[in-house]
$ cat run-v7.cif   # mmCIF, C-alpha atoms
data_final
loop_
_atom_site.group_PDB
_atom_site.id
_atom_site.type_symbol
_atom_site.label_atom_id
_atom_site.label_comp_id
_atom_site.auth_asym_id
_atom_site.auth_seq_id
_atom_site.Cartn_x
_atom_site.Cartn_y
_atom_site.Cartn_z
ATOM 1 C CA MET A 47 -44.954 87.136 127.092
ATOM 2 C CA ARG A 48 -42.376 84.963 125.378
ATOM 3 C CA LYS A 49 -43.130 81.890 123.320
ATOM 4 C CA LYS A 50 -40.359 80.000 121.572
ATOM 5 C CA SER A 51 -40.516 77.397 118.838
ATOM 6 C CA ARG A 52 -40.585 73.830 120.085
ATOM 7 C CA VAL A 53 -37.258 72.122 120.750
ATOM 8 C CA GLU A 54 -36.340 68.687 119.378
ATOM 9 C CA LEU A 55 -34.476 66.048 121.389
ATOM 10 C CA ALA A 56 -33.459 62.550 120.267
ATOM 11 C CA ALA A 57 -33.645 59.606 122.675
ATOM 12 C CA LYS A 58 -33.121 55.867 122.724
ATOM 13 C CA LYS A 59 -34.827 53.285 124.907
ATOM 14 C CA ARG A 60 -32.684 52.132 127.812
ATOM 15 C CA SER A 61 -32.308 48.634 129.201
ATOM 16 C CA VAL A 62 -29.503 49.432 131.666
ATOM 17 C CA PHE A 63 -30.422 50.166 135.303
ATOM 18 C CA GLY A 64 -28.958 50.334 138.787
ATOM 19 C CA SER A 65 -25.195 50.492 139.173
ATOM 20 C CA LYS A 66 -24.709 49.689 135.468
ATOM 21 C CA VAL A 67 -25.659 53.244 134.467
ATOM 22 C CA LYS A 68 -22.159 54.295 135.493
ATOM 23 C CA ARG A 69 -20.832 52.679 132.322
ATOM 24 C CA LEU A 70 -23.645 54.301 130.362
ATOM 25 C CA ARG A 71 -22.514 57.746 131.490
ATOM 26 C CA ARG A 72 -18.886 56.955 130.634
ATOM 27 C CA GLU A 73 -20.038 56.201 127.088
ATOM 28 C CA GLY A 74 -21.572 59.674 126.766
ATOM 29 C CA TRP A 75 -25.204 58.958 127.664
ATOM 30 C CA VAL A 76 -27.457 60.458 130.329
ATOM 31 C CA PRO A 77 -30.155 58.135 131.746
ATOM 32 C CA GLY A 78 -33.665 59.454 131.969
ATOM 33 C CA VAL A 79 -37.331 58.587 132.169
ATOM 34 C CA MET A 80 -40.498 59.833 130.507
ATOM 35 C CA TYR A 81 -43.785 59.360 132.343
ATOM 36 C CA GLY A 82 -47.253 60.863 132.391
ATOM 37 C CA HIS A 83 -50.889 60.355 133.357
ATOM 38 C CA GLY A 84 -52.284 57.325 131.531
ATOM 39 C CA PHE A 85 -48.917 56.706 129.896
ATOM 40 C CA GLU A 86 -46.616 53.761 130.526
ATOM 41 C CA SER A 87 -43.280 55.064 131.813
ATOM 42 C CA VAL A 88 -40.342 54.605 129.474
ATOM 43 C CA SER A 89 -36.672 54.467 130.491
ATOM 44 C CA LEU A 90 -34.553 56.437 128.037
ATOM 45 C CA LYS A 91 -31.023 57.585 127.409
ATOM 46 C CA PHE A 92 -29.917 60.866 125.828
ATOM 47 C CA ASP A 93 -26.700 61.995 124.197
ATOM 48 C CA LYS A 94 -25.163 64.177 126.899
ATOM 49 C CA TYR A 95 -24.013 66.921 124.507
ATOM 50 C CA GLU A 96 -27.364 67.210 122.754
ATOM 51 C CA LEU A 97 -29.184 67.116 126.094
ATOM 52 C CA ARG A 98 -26.917 69.804 127.506
ATOM 53 C CA GLY A 99 -27.759 72.052 124.559
ATOM 54 C CA VAL A 100 -31.491 71.503 124.991
ATOM 55 C CA LEU A 101 -31.375 72.184 128.732
ATOM 56 C CA SER A 102 -29.689 75.527 128.047
ATOM 57 C CA GLN A 103 -32.744 76.550 126.002
ATOM 58 C CA VAL A 104 -35.758 75.250 127.878
ATOM 59 C CA GLY A 105 -37.385 75.509 131.264
ATOM 60 C CA GLY A 106 -40.240 73.689 132.905
ATOM 61 C CA SER A 107 -42.925 75.487 130.884
ATOM 62 C CA GLN A 108 -41.655 74.824 127.365
ATOM 63 C CA LEU A 109 -42.640 71.786 125.339
ATOM 64 C CA VAL A 110 -39.938 69.476 124.024
ATOM 65 C CA ASN A 111 -40.444 67.097 121.110
ATOM 66 C CA ILE A 112 -38.822 63.844 122.214
ATOM 67 C CA ASN A 113 -38.000 61.656 119.225
ATOM 68 C CA VAL A 114 -37.592 58.136 120.587
ATOM 69 C CA GLU A 115 -35.713 55.879 118.189
ATOM 70 C CA GLY A 116 -38.121 53.479 116.480
ATOM 71 C CA ALA A 117 -41.270 55.444 117.381
ATOM 72 C CA GLU A 118 -43.595 56.591 114.605
ATOM 73 C CA GLU A 119 -44.209 60.038 116.085
ATOM 74 C CA PRO A 120 -42.456 62.306 118.578
ATOM 75 C CA GLU A 121 -43.798 62.663 122.126
ATOM 76 C CA PHE A 122 -44.591 66.085 123.567
ATOM 77 C CA ALA A 123 -43.131 66.485 127.045
ATOM 78 C CA LEU A 124 -42.232 69.010 129.722
ATOM 79 C CA LEU A 125 -38.947 69.008 131.585
ATOM 80 C CA ARG A 126 -39.666 67.981 135.155
ATOM 81 C CA GLU A 127 -36.348 67.393 136.945
ATOM 82 C CA VAL A 128 -32.628 67.493 136.246
ATOM 83 C CA GLN A 129 -30.153 65.830 138.606
ATOM 84 C CA ARG A 130 -26.519 66.910 138.531
ATOM 85 C CA ASP A 131 -23.381 66.083 140.449
ATOM 86 C CA VAL A 132 -22.904 69.157 142.625
ATOM 87 C CA ILE A 133 -19.109 68.884 142.405
ATOM 88 C CA SER A 134 -18.543 68.279 138.701
ATOM 89 C CA ASN A 135 -21.930 69.591 137.485
ATOM 90 C CA ASP A 136 -22.180 66.498 135.267
ATOM 91 C CA LEU A 137 -25.699 65.445 134.277
ATOM 92 C CA LEU A 138 -26.831 62.385 136.229
ATOM 93 C CA HIS A 139 -30.477 61.935 135.325
ATOM 94 C CA VAL A 140 -33.345 63.768 133.661
ATOM 95 C CA ASP A 141 -37.138 63.405 133.928
ATOM 96 C CA PHE A 142 -39.694 64.395 131.300
ATOM 97 C CA TYR A 143 -43.465 64.520 131.776
ATOM 98 C CA ARG A 144 -45.339 63.417 128.668
ATOM 99 C CA VAL A 145 -48.471 65.451 127.845
ATOM 100 C CA MET A 146 -51.521 65.103 125.632
ATOM 101 C CA MET A 147 -52.138 68.208 123.537
ATOM 102 C CA THR A 148 -55.905 67.926 124.113
ATOM 103 C CA GLN A 149 -55.708 67.653 127.907
ATOM 104 C CA THR A 150 -55.128 70.538 130.302
ATOM 105 C CA ILE A 151 -52.068 70.452 132.542
ATOM 106 C CA THR A 152 -51.007 72.265 135.702
ATOM 107 C CA THR A 153 -47.502 73.697 135.702
ATOM 108 C CA GLU A 154 -45.464 76.804 136.578
ATOM 109 C CA ILE A 155 -44.506 79.697 134.317
ATOM 110 C CA PRO A 156 -41.466 81.785 135.344
ATOM 111 C CA LEU A 157 -41.651 85.567 135.589
ATOM 112 C CA LEU A 158 -39.088 87.596 133.680
ATOM 113 C CA ASN A 159 -38.269 91.068 135.016
ATOM 114 C CA ARG A 160 -37.765 93.712 132.343
ATOM 115 C CA GLY A 161 -36.876 97.396 132.471
ATOM 116 C CA GLU A 162 -35.864 99.466 135.461
ATOM 117 C CA SER A 163 -37.875 101.497 137.928
ATOM 118 C CA PRO A 164 -36.827 105.177 137.554
ATOM 119 C CA VAL A 165 -37.133 105.597 141.327
ATOM 120 C CA ALA A 166 -34.825 102.673 142.065
ATOM 121 C CA GLU A 167 -32.430 103.804 139.336
ATOM 122 C CA GLN A 168 -32.112 107.211 141.007
ATOM 123 C CA LYS A 169 -31.502 105.578 144.410
ATOM 124 C CA GLU A 170 -34.704 107.079 145.820
ATOM 125 C CA GLY A 171 -36.156 103.677 146.651
ATOM 126 C CA ILE A 172 -35.348 100.002 146.538
ATOM 127 C CA LEU A 173 -37.116 97.098 144.865
ATOM 128 C CA LEU A 174 -38.232 94.131 146.929
ATOM 129 C CA PHE A 175 -39.128 90.999 144.987
ATOM 130 C CA GLY A 176 -41.712 88.371 145.842
ATOM 131 C CA ILE A 177 -42.617 85.305 143.809
ATOM 132 C CA ALA A 178 -40.637 84.410 140.689
ATOM 133 C CA GLU A 179 -43.172 82.090 139.015
ATOM 134 C CA ILE A 180 -46.901 81.467 138.913
ATOM 135 C CA GLU A 181 -48.927 78.272 138.815
ATOM 136 C CA VAL A 182 -51.224 77.928 135.813
ATOM 137 C CA GLU A 183 -53.611 75.525 134.131
ATOM 138 C CA CYS A 184 -53.919 75.342 130.357
ATOM 139 C CA LEU A 185 -53.575 73.203 127.272
ATOM 140 C CA PRO A 186 -49.940 72.373 126.445
ATOM 141 C CA GLY A 187 -50.133 74.300 123.189
ATOM 142 C CA ASP A 188 -51.067 77.508 125.036
ATOM 143 C CA LEU A 189 -47.985 77.484 127.256
ATOM 144 C CA VAL A 190 -45.459 80.312 127.100
ATOM 145 C CA ASP A 191 -41.908 79.967 128.372
ATOM 146 C CA ALA A 192 -42.118 83.163 130.484
ATOM 147 C CA LEU A 193 -44.314 86.120 131.418
ATOM 148 C CA GLU A 194 -42.662 89.531 131.412
ATOM 149 C CA VAL A 195 -42.890 91.947 134.336
ATOM 150 C CA ASP A 196 -42.286 95.603 133.421
ATOM 151 C CA LEU A 197 -40.465 97.188 136.370
ATOM 152 C CA ALA A 198 -40.589 100.585 134.653
ATOM 153 C CA GLU A 199 -44.232 100.783 135.746
ATOM 154 C CA LEU A 200 -43.057 101.352 139.331
ATOM 155 C CA THR A 201 -42.698 105.151 139.265
ATOM 156 C CA GLU A 202 -43.544 105.979 142.879
ATOM 157 C CA VAL A 203 -42.481 104.653 146.266
ATOM 158 C CA GLY A 204 -45.160 102.350 147.621
ATOM 159 C CA GLN A 205 -46.255 100.986 144.260
ATOM 160 C CA ALA A 206 -46.291 97.244 143.689
ATOM 161 C CA ILE A 207 -46.915 94.699 140.965
ATOM 162 C CA HIS A 208 -49.119 91.751 141.868
ATOM 163 C CA VAL A 209 -50.152 88.605 140.035
ATOM 164 C CA GLU A 210 -53.447 90.237 139.053
ATOM 165 C CA ASP A 211 -51.466 92.904 137.144
ATOM 166 C CA LEU A 212 -49.843 90.413 134.765
ATOM 167 C CA ALA A 213 -50.783 90.351 131.087
ATOM 168 C CA VAL A 214 -51.719 86.682 130.753
ATOM 169 C CA PRO A 215 -52.435 85.298 127.262
ATOM 170 C CA PRO A 216 -55.865 83.800 126.479
ATOM 171 C CA GLY A 217 -56.228 80.137 127.290
ATOM 172 C CA ILE A 218 -54.124 80.284 130.454
ATOM 173 C CA ASP A 219 -55.881 80.160 133.832
ATOM 174 C CA VAL A 220 -53.780 81.486 136.720
ATOM 175 C CA LEU A 221 -54.052 79.434 139.915
ATOM 176 C CA THR A 222 -51.734 81.574 142.045
ATOM 177 C CA ASP A 223 -53.409 84.031 144.433
ATOM 178 C CA PRO A 224 -53.949 87.293 142.483
ATOM 179 C CA ASP A 225 -52.804 89.290 145.529
ATOM 180 C CA GLU A 226 -49.371 87.639 145.594
ATOM 181 C CA MET A 227 -46.636 90.274 145.302
ATOM 182 C CA ILE A 228 -44.137 90.150 142.467
ATOM 183 C CA ALA A 229 -42.260 93.403 143.093
ATOM 184 C CA ARG A 230 -42.698 96.393 145.401
ATOM 185 C CA LEU A 231 -40.936 99.737 145.572
ATOM 186 C CA VAL A 232 -40.147 100.816 149.150
ATOM 187 C CA PRO A 233 -38.210 103.722 150.696
ATOM 188 C CA LEU A 234 -34.550 103.048 151.401
ATOM 189 C CA GLU A 235 -34.963 103.932 155.054
ATOM 190 C CA GLU A 236 -37.700 101.334 155.492
ATOM 191 C CA VAL A 237 -35.330 98.547 154.508
ATOM 192 C CA GLU A 238 -32.495 99.953 156.614
ATOM 193 C CA LEU A 239 -34.723 100.185 159.687
ATOM 194 C CA GLU A 240 -36.126 96.708 159.286
ATOM 195 C CA ARG A 241 -32.814 94.883 158.832
ATOM 196 C CA PRO A 242 -29.182 95.967 159.328
ATOM 197 C CA ALA A 243 -27.185 95.750 156.091
ATOM 198 C CA ALA A 244 -24.666 93.295 157.582
ATOM 199 C CA GLU A 245 -27.480 90.960 158.630
ATOM 200 C CA LEU A 246 -29.053 91.097 155.175
ATOM 201 C CA GLU A 247 -25.715 90.339 153.542
ATOM 202 C CA GLU A 248 -25.102 87.369 155.855
ATOM 203 C CA GLU A 249 -28.578 85.961 155.130
ATOM 204 C CA LEU A 250 -28.019 86.328 151.384
ATOM 205 C CA ILE A 251 -24.753 84.383 151.584
ATOM 206 C CA MET A 252 -26.349 81.663 153.699
ATOM 207 C CA GLY A 253 -29.285 81.475 151.276
ATOM 208 C CA GLU A 254 -27.011 80.937 148.308
ATOM 209 C CA GLU A 255 -25.197 78.147 150.124
ATOM 210 C CA GLY A 256 -28.419 76.633 151.386
ATOM 211 C CA GLU A 257 -29.804 76.294 147.858
ATOM 212 C CA GLU A 258 -26.944 74.061 146.753
ATOM 213 C CA VAL A 259 -28.131 70.616 145.769
ATOM 214 C CA GLU A 260 -26.691 67.607 147.544
ATOM 215 C CA VAL A 261 -24.446 65.247 145.624
ATOM 216 C CA ILE A 262 -26.534 62.446 144.169
ATOM 217 C CA GLY A 263 -24.761 59.128 143.858
ATOM 218 C CA GLU A 264 -25.203 56.634 141.067
ATOM 219 C CA ALA A 265 -27.380 54.253 143.063
ATOM 220 C CA GLU A 266 -29.414 57.046 144.655
ATOM 221 C CA ALA A 267 -30.270 58.556 141.264
ATOM 222 C CA GLU A 268 -31.543 55.200 140.025
ATOM 223 C CA GLU A 269 -33.554 54.617 143.204
ATOM 224 C CA ASP A 270 -35.229 57.996 142.714
ATOM 225 C CA GLU A 271 -36.014 57.074 139.112
ATOM 226 C CA GLU A 272 -37.585 53.749 140.015
ATOM 227 C CA GLN A 273 -39.681 55.374 142.772
ATOM 228 C CA GLU A 274 -40.970 58.038 140.384
ATOM 229 C CA ILE A 275 -41.878 55.381 137.830
ATOM 230 C CA ARG A 276 -43.894 53.529 140.496
ATOM 231 C CA ASP A 277 -45.578 56.775 141.555
ATOM 232 C CA TYR A 278 -46.794 57.580 138.066
ATOM 233 C CA MET A 279 -47.812 54.139 136.898
#

$ encode --input "run-v7.cif" --output "structure tokens"
Amino acid sequence: MRKKSRVELAAKKRSVFGSKVKRLRREGWVPGVMYGHGFESVSLKFDKYELRGVLSQVGGSQLVNINVEGAEEPEFALLREVQRDVISNDLLHVDFYRVMMTQTITTEIPLLNRGESPVAEQKEGILLFGIAEIEVECLPGDLVDALEVDLAELTEVGQAIHVEDLAVPPGIDVLTDPDEMIARLVPLEEVELERPAAELEEELIMGEEGEEVEVIGEAEAEEDEEQEIRDYM
């Protein structure tokens, strides 16, 4: 289990929309929106360098203190979506989901693999991985940024780690099926018989390419923002 201190992020309210956000980005700002259940959506802008630093530290399960200029108190929010230009990797838009500390939320917590299976290390077996995150329900203050999976526990071929084997902190209810596999140790020959190595390598390459995000244009990013605002109002 890993739990980091909360991250601070400054923001200003934004009155520029549509095609005009192009100028906003040239001036060093990234447009964004903060929304939430029972909360009026707010259009914001963030300093791109500060935002870039925050995004390098947080994931979707870590609270961010958003300090909106002029507000009396910071808002607690979770990172929901980041849009980037797939060519330049420049930040285009960011979404935050505002939470109430007294109300439970449903979100995902990533799984962090630690250690090494002695069997896999000695080339006597190979690790197959399943899910990389679990869905949970809890109060925002009980969230952790990751749950650790100890691969060193896999000492024999055939052993597996499932969701039910995770050490979950108190206050967090796991919604993912407890029988879902996280990692399994299988004989080398089983993998070789199931799939030729060349076929596996080709699928891996195709998978990496297939995960690439499409380029999002200026207008498209704003249309997505406006739609999300309507959805959560």

$ residues_around --input "run-v7.cif" --residues "A:Phe175" --least-positions-apart "3" --cutoff "9 Å" --atoms "only C-alpha atoms" --output "short mmCIF file (atom, residue, chain, number, x, y, z; two decimals) with C-alpha atoms, in the frame of the given file"
data_model
loop_
_atom_site.label_atom_id
_atom_site.label_comp_id
_atom_site.auth_asym_id
_atom_site.auth_seq_id
_atom_site.Cartn_x
_atom_site.Cartn_y
_atom_site.Cartn_z
CA ALA A 178 -40.64 84.41 140.69
CA MET A 227 -46.64 90.27 145.30
CA ILE A 228 -44.14 90.15 142.47
CA ALA A 229 -42.26 93.40 143.09
CA ARG A 230 -42.70 96.39 145.40
CA LEU A 231 -40.94 99.74 145.57
#

$ closest_residue --input "run-v7.cif" --among "A:Ile218, A:Val110, A:His139, A:Glu210" --to "A:Glu183" --atoms "all atoms listed in the file"
A:Ile218

$ closest_residue --input "run-v7.cif" --among "A:Ala198, A:Leu125, A:Leu137, A:Met147" --to "A:Gly161" --atoms "all atoms listed in the file"
A:Ala198

$ resolve_selection --input "run-v7.cif" --expression "the PyMOL selection byres ((chain A and resi 226) around 12)" --output "number ranges by chain"
A: 175-181, 206-212, 220-225, 227-230

$ write_last_selection --input "run-v7.cif" --atoms "C-alpha atoms" --output "PDB file, in the coordinates of the input"
ATOM      1  CA  PHE A 175     -39.128  90.999 144.987  1.00  0.00           C
ATOM      2  CA  GLY A 176     -41.712  88.371 145.842  1.00  0.00           C
ATOM      3  CA  ILE A 177     -42.617  85.305 143.809  1.00  0.00           C
ATOM      4  CA  ALA A 178     -40.637  84.410 140.689  1.00  0.00           C
ATOM      5  CA  GLU A 179     -43.172  82.090 139.015  1.00  0.00           C
ATOM      6  CA  ILE A 180     -46.901  81.467 138.913  1.00  0.00           C
ATOM      7  CA  GLU A 181     -48.927  78.272 138.815  1.00  0.00           C
ATOM      8  CA  ALA A 206     -46.291  97.244 143.689  1.00  0.00           C
ATOM      9  CA  ILE A 207     -46.915  94.699 140.965  1.00  0.00           C
ATOM     10  CA  HIS A 208     -49.119  91.751 141.868  1.00  0.00           C
ATOM     11  CA  VAL A 209     -50.152  88.605 140.035  1.00  0.00           C
ATOM     12  CA  GLU A 210     -53.447  90.237 139.053  1.00  0.00           C
ATOM     13  CA  ASP A 211     -51.466  92.904 137.144  1.00  0.00           C
ATOM     14  CA  LEU A 212     -49.843  90.413 134.765  1.00  0.00           C
ATOM     15  CA  VAL A 220     -53.780  81.486 136.720  1.00  0.00           C
ATOM     16  CA  LEU A 221     -54.052  79.434 139.915  1.00  0.00           C
ATOM     17  CA  THR A 222     -51.734  81.574 142.045  1.00  0.00           C
ATOM     18  CA  ASP A 223     -53.409  84.031 144.433  1.00  0.00           C
ATOM     19  CA  PRO A 224     -53.949  87.293 142.483  1.00  0.00           C
ATOM     20  CA  ASP A 225     -52.804  89.290 145.529  1.00  0.00           C
ATOM     21  CA  MET A 227     -46.636  90.274 145.302  1.00  0.00           C
ATOM     22  CA  ILE A 228     -44.137  90.150 142.467  1.00  0.00           C
ATOM     23  CA  ALA A 229     -42.260  93.403 143.093  1.00  0.00           C
ATOM     24  CA  ARG A 230     -42.698  96.393 145.401  1.00  0.00           C
TER      25      ARG A 230
END

$ residues_near_point --input "run-v7.cif" --point "(-26.6, 53.0, 128.8)" --cutoff "10 Å" --atoms "all atoms listed in the file" --output "number ranges by chain"
A: 58-63, 66-77, 90-92

$ closest_residue --input "run-v7.cif" --among "A:Gly171, A:Gly204, A:Pro186, A:Gly105" --to "A:Ile155" --atoms "only C-alpha atoms"
A:Gly105

$ resolve_selection --input "run-v7.cif" --expression "the PyMOL selection byres ((chain A and resi 104) around 10)" --output "ChimeraX atom specification"
/A:50,52-53,99-103,105-110,124-125,191

$ resolve_selection --input "run-v7.cif" --expression "the PyMOL selection byres ((chain A and resi 201) around 7)" --output "PDB file with C-alpha atoms, keeping the file's coordinate frame"
ATOM      1  CA  SER A 163     -37.875 101.497 137.928  1.00  0.00           C
ATOM      2  CA  PRO A 164     -36.827 105.177 137.554  1.00  0.00           C
ATOM      3  CA  VAL A 165     -37.133 105.597 141.327  1.00  0.00           C
ATOM      4  CA  ALA A 198     -40.589 100.585 134.653  1.00  0.00           C
ATOM      5  CA  GLU A 199     -44.232 100.783 135.746  1.00  0.00           C
ATOM      6  CA  LEU A 200     -43.057 101.352 139.331  1.00  0.00           C
ATOM      7  CA  GLU A 202     -43.544 105.979 142.879  1.00  0.00           C
TER       8      GLU A 202
END

$ axis_aligned_box --input "run-v7.cif" --around "stretch 158-166 of chain A" --padding-each-side "4 Å" --output "JSON"
{"center_x": -37.0, "center_y": 96.6, "center_z": 137.2, "size_x": 12.3, "size_y": 26.0, "size_z": 17.7}

$ atom_distance --input "run-v7.cif" --atom1 "atom CA of A:Ala56" --atom2 "atom CA of A:Asn111"
8.4 Å

$ closest_residue --input "run-v7.cif" --among "A:Gly187, A:Pro156, A:Gly78, A:Pro233" --to "A:Pro216" --atoms "only C-alpha atoms"
A:Gly187

$ atom_distance --input "run-v7.cif" --atom1 "atom CA of A:Leu138" --atom2 "atom CA of A:Val114"
19.5 Å

$ atom_distance --input "run-v7.cif" --atom1 "atom CA of A:His83" --atom2 "atom CA of A:Thr150"
11.4 Å

$ closest_residue --input "run-v7.cif" --among "A:Arg126, A:Phe142, A:Ser89, A:Gly84" --to "A:Ile112" --atoms "only C-alpha atoms"
A:Phe142

$ closest_residue --input "run-v7.cif" --among "A:Leu234, A:Val182, A:Ala123, A:Ala57" --to "A:Val145" --atoms "only C-alpha atoms"
A:Ala123

$ decode --input "run-v7.cif" --residues "stretch 49-68 of chain A" --atoms "N, CA, C and O atoms" --output "PDB file, in the first residue's frame"
ATOM      1  N   LYS A  49       0.579   5.534   0.119  1.00  0.00           N
ATOM      2  CA  LYS A  49      -0.272   6.702   0.271  1.00  0.00           C
ATOM      3  C   LYS A  49       0.615   7.934   0.363  1.00  0.00           C
ATOM      4  O   LYS A  49       1.435   8.052   1.276  1.00  0.00           O
ATOM      5  N   LYS A  50       0.481   8.828  -0.587  1.00  0.00           N
ATOM      6  CA  LYS A  50       1.308  10.020  -0.628  1.00  0.00           C
ATOM      7  C   LYS A  50       0.568  11.206  -0.013  1.00  0.00           C
ATOM      8  O   LYS A  50      -0.638  11.188   0.152  1.00  0.00           O
ATOM      9  N   SER A  51       1.344  12.243   0.327  1.00  0.00           N
ATOM     10  CA  SER A  51       0.732  13.472   0.795  1.00  0.00           C
ATOM     11  C   SER A  51      -0.014  14.127  -0.370  1.00  0.00           C
ATOM     12  O   SER A  51       0.317  13.921  -1.527  1.00  0.00           O
ATOM     13  N   ARG A  52      -1.022  14.900  -0.037  1.00  0.00           N
ATOM     14  CA  ARG A  52      -1.847  15.513  -1.065  1.00  0.00           C
ATOM     15  C   ARG A  52      -1.066  16.543  -1.875  1.00  0.00           C
ATOM     16  O   ARG A  52      -0.207  17.243  -1.360  1.00  0.00           O
ATOM     17  N   VAL A  53      -1.378  16.652  -3.136  1.00  0.00           N
ATOM     18  CA  VAL A  53      -0.677  17.550  -4.051  1.00  0.00           C
ATOM     19  C   VAL A  53      -1.498  18.820  -4.237  1.00  0.00           C
ATOM     20  O   VAL A  53      -2.723  18.777  -4.323  1.00  0.00           O
ATOM     21  N   GLU A  54      -0.809  19.959  -4.324  1.00  0.00           N
ATOM     22  CA  GLU A  54      -1.472  21.247  -4.524  1.00  0.00           C
ATOM     23  C   GLU A  54      -1.353  21.662  -5.997  1.00  0.00           C
ATOM     24  O   GLU A  54      -0.333  21.435  -6.638  1.00  0.00           O
ATOM     25  N   LEU A  55      -2.417  22.295  -6.507  1.00  0.00           N
ATOM     26  CA  LEU A  55      -2.407  22.785  -7.877  1.00  0.00           C
ATOM     27  C   LEU A  55      -3.208  24.083  -7.958  1.00  0.00           C
ATOM     28  O   LEU A  55      -4.375  24.125  -7.555  1.00  0.00           O
ATOM     29  N   ALA A  56      -2.579  25.133  -8.462  1.00  0.00           N
ATOM     30  CA  ALA A  56      -3.260  26.426  -8.614  1.00  0.00           C
ATOM     31  C   ALA A  56      -4.057  26.457  -9.915  1.00  0.00           C
ATOM     32  O   ALA A  56      -3.680  25.828 -10.910  1.00  0.00           O
ATOM     33  N   ALA A  57      -5.159  27.190  -9.902  1.00  0.00           N
ATOM     34  CA  ALA A  57      -6.006  27.314 -11.098  1.00  0.00           C
ATOM     35  C   ALA A  57      -6.663  28.682 -11.110  1.00  0.00           C
ATOM     36  O   ALA A  57      -6.809  29.337 -10.071  1.00  0.00           O
ATOM     37  N   LYS A  58      -7.047  29.107 -12.305  1.00  0.00           N
ATOM     38  CA  LYS A  58      -7.801  30.337 -12.474  1.00  0.00           C
ATOM     39  C   LYS A  58      -9.063  30.021 -13.273  1.00  0.00           C
ATOM     40  O   LYS A  58      -9.066  29.123 -14.117  1.00  0.00           O
ATOM     41  N   LYS A  59     -10.131  30.771 -12.999  1.00  0.00           N
ATOM     42  CA  LYS A  59     -11.352  30.574 -13.767  1.00  0.00           C
ATOM     43  C   LYS A  59     -11.123  31.025 -15.204  1.00  0.00           C
ATOM     44  O   LYS A  59     -10.374  31.964 -15.458  1.00  0.00           O
ATOM     45  N   ARG A  60     -11.782  30.337 -16.122  1.00  0.00           N
ATOM     46  CA  ARG A  60     -11.568  30.569 -17.551  1.00  0.00           C
ATOM     47  C   ARG A  60     -12.844  31.062 -18.211  1.00  0.00           C
ATOM     48  O   ARG A  60     -13.920  30.509 -17.989  1.00  0.00           O
ATOM     49  N   SER A  61     -12.698  32.081 -19.027  1.00  0.00           N
ATOM     50  CA  SER A  61     -13.840  32.624 -19.770  1.00  0.00           C
ATOM     51  C   SER A  61     -13.638  32.486 -21.273  1.00  0.00           C
ATOM     52  O   SER A  61     -14.422  33.024 -22.061  1.00  0.00           O
ATOM     53  N   VAL A  62     -12.592  31.758 -21.677  1.00  0.00           N
ATOM     54  CA  VAL A  62     -12.286  31.574 -23.096  1.00  0.00           C
ATOM     55  C   VAL A  62     -12.685  30.154 -23.498  1.00  0.00           C
ATOM     56  O   VAL A  62     -12.311  29.181 -22.837  1.00  0.00           O
ATOM     57  N   PHE A  63     -13.414  30.018 -24.607  1.00  0.00           N
ATOM     58  CA  PHE A  63     -13.908  28.715 -25.048  1.00  0.00           C
ATOM     59  C   PHE A  63     -13.731  28.569 -26.568  1.00  0.00           C
ATOM     60  O   PHE A  63     -13.314  29.499 -27.243  1.00  0.00           O
ATOM     61  N   GLY A  64     -14.094  27.393 -27.050  1.00  0.00           N
ATOM     62  CA  GLY A  64     -14.074  27.153 -28.488  1.00  0.00           C
ATOM     63  C   GLY A  64     -12.697  27.323 -29.097  1.00  0.00           C
ATOM     64  O   GLY A  64     -11.681  26.959 -28.520  1.00  0.00           O
ATOM     65  N   SER A  65     -12.665  27.902 -30.288  1.00  0.00           N
ATOM     66  CA  SER A  65     -11.406  28.047 -31.022  1.00  0.00           C
ATOM     67  C   SER A  65     -10.446  29.033 -30.358  1.00  0.00           C
ATOM     68  O   SER A  65      -9.257  29.045 -30.658  1.00  0.00           O
ATOM     69  N   LYS A  66     -10.953  29.854 -29.429  1.00  0.00           N
ATOM     70  CA  LYS A  66     -10.111  30.855 -28.775  1.00  0.00           C
ATOM     71  C   LYS A  66      -9.109  30.248 -27.795  1.00  0.00           C
ATOM     72  O   LYS A  66      -8.176  30.921 -27.364  1.00  0.00           O
ATOM     73  N   VAL A  67      -9.308  28.964 -27.432  1.00  0.00           N
ATOM     74  CA  VAL A  67      -8.370  28.355 -26.481  1.00  0.00           C
ATOM     75  C   VAL A  67      -6.998  28.156 -27.106  1.00  0.00           C
ATOM     76  O   VAL A  67      -6.018  27.935 -26.398  1.00  0.00           O
ATOM     77  N   LYS A  68      -6.918  28.246 -28.421  1.00  0.00           N
ATOM     78  CA  LYS A  68      -5.620  28.124 -29.088  1.00  0.00           C
ATOM     79  C   LYS A  68      -4.668  29.215 -28.596  1.00  0.00           C
ATOM     80  O   LYS A  68      -3.496  28.953 -28.321  1.00  0.00           O
TER      81      LYS A  68
END
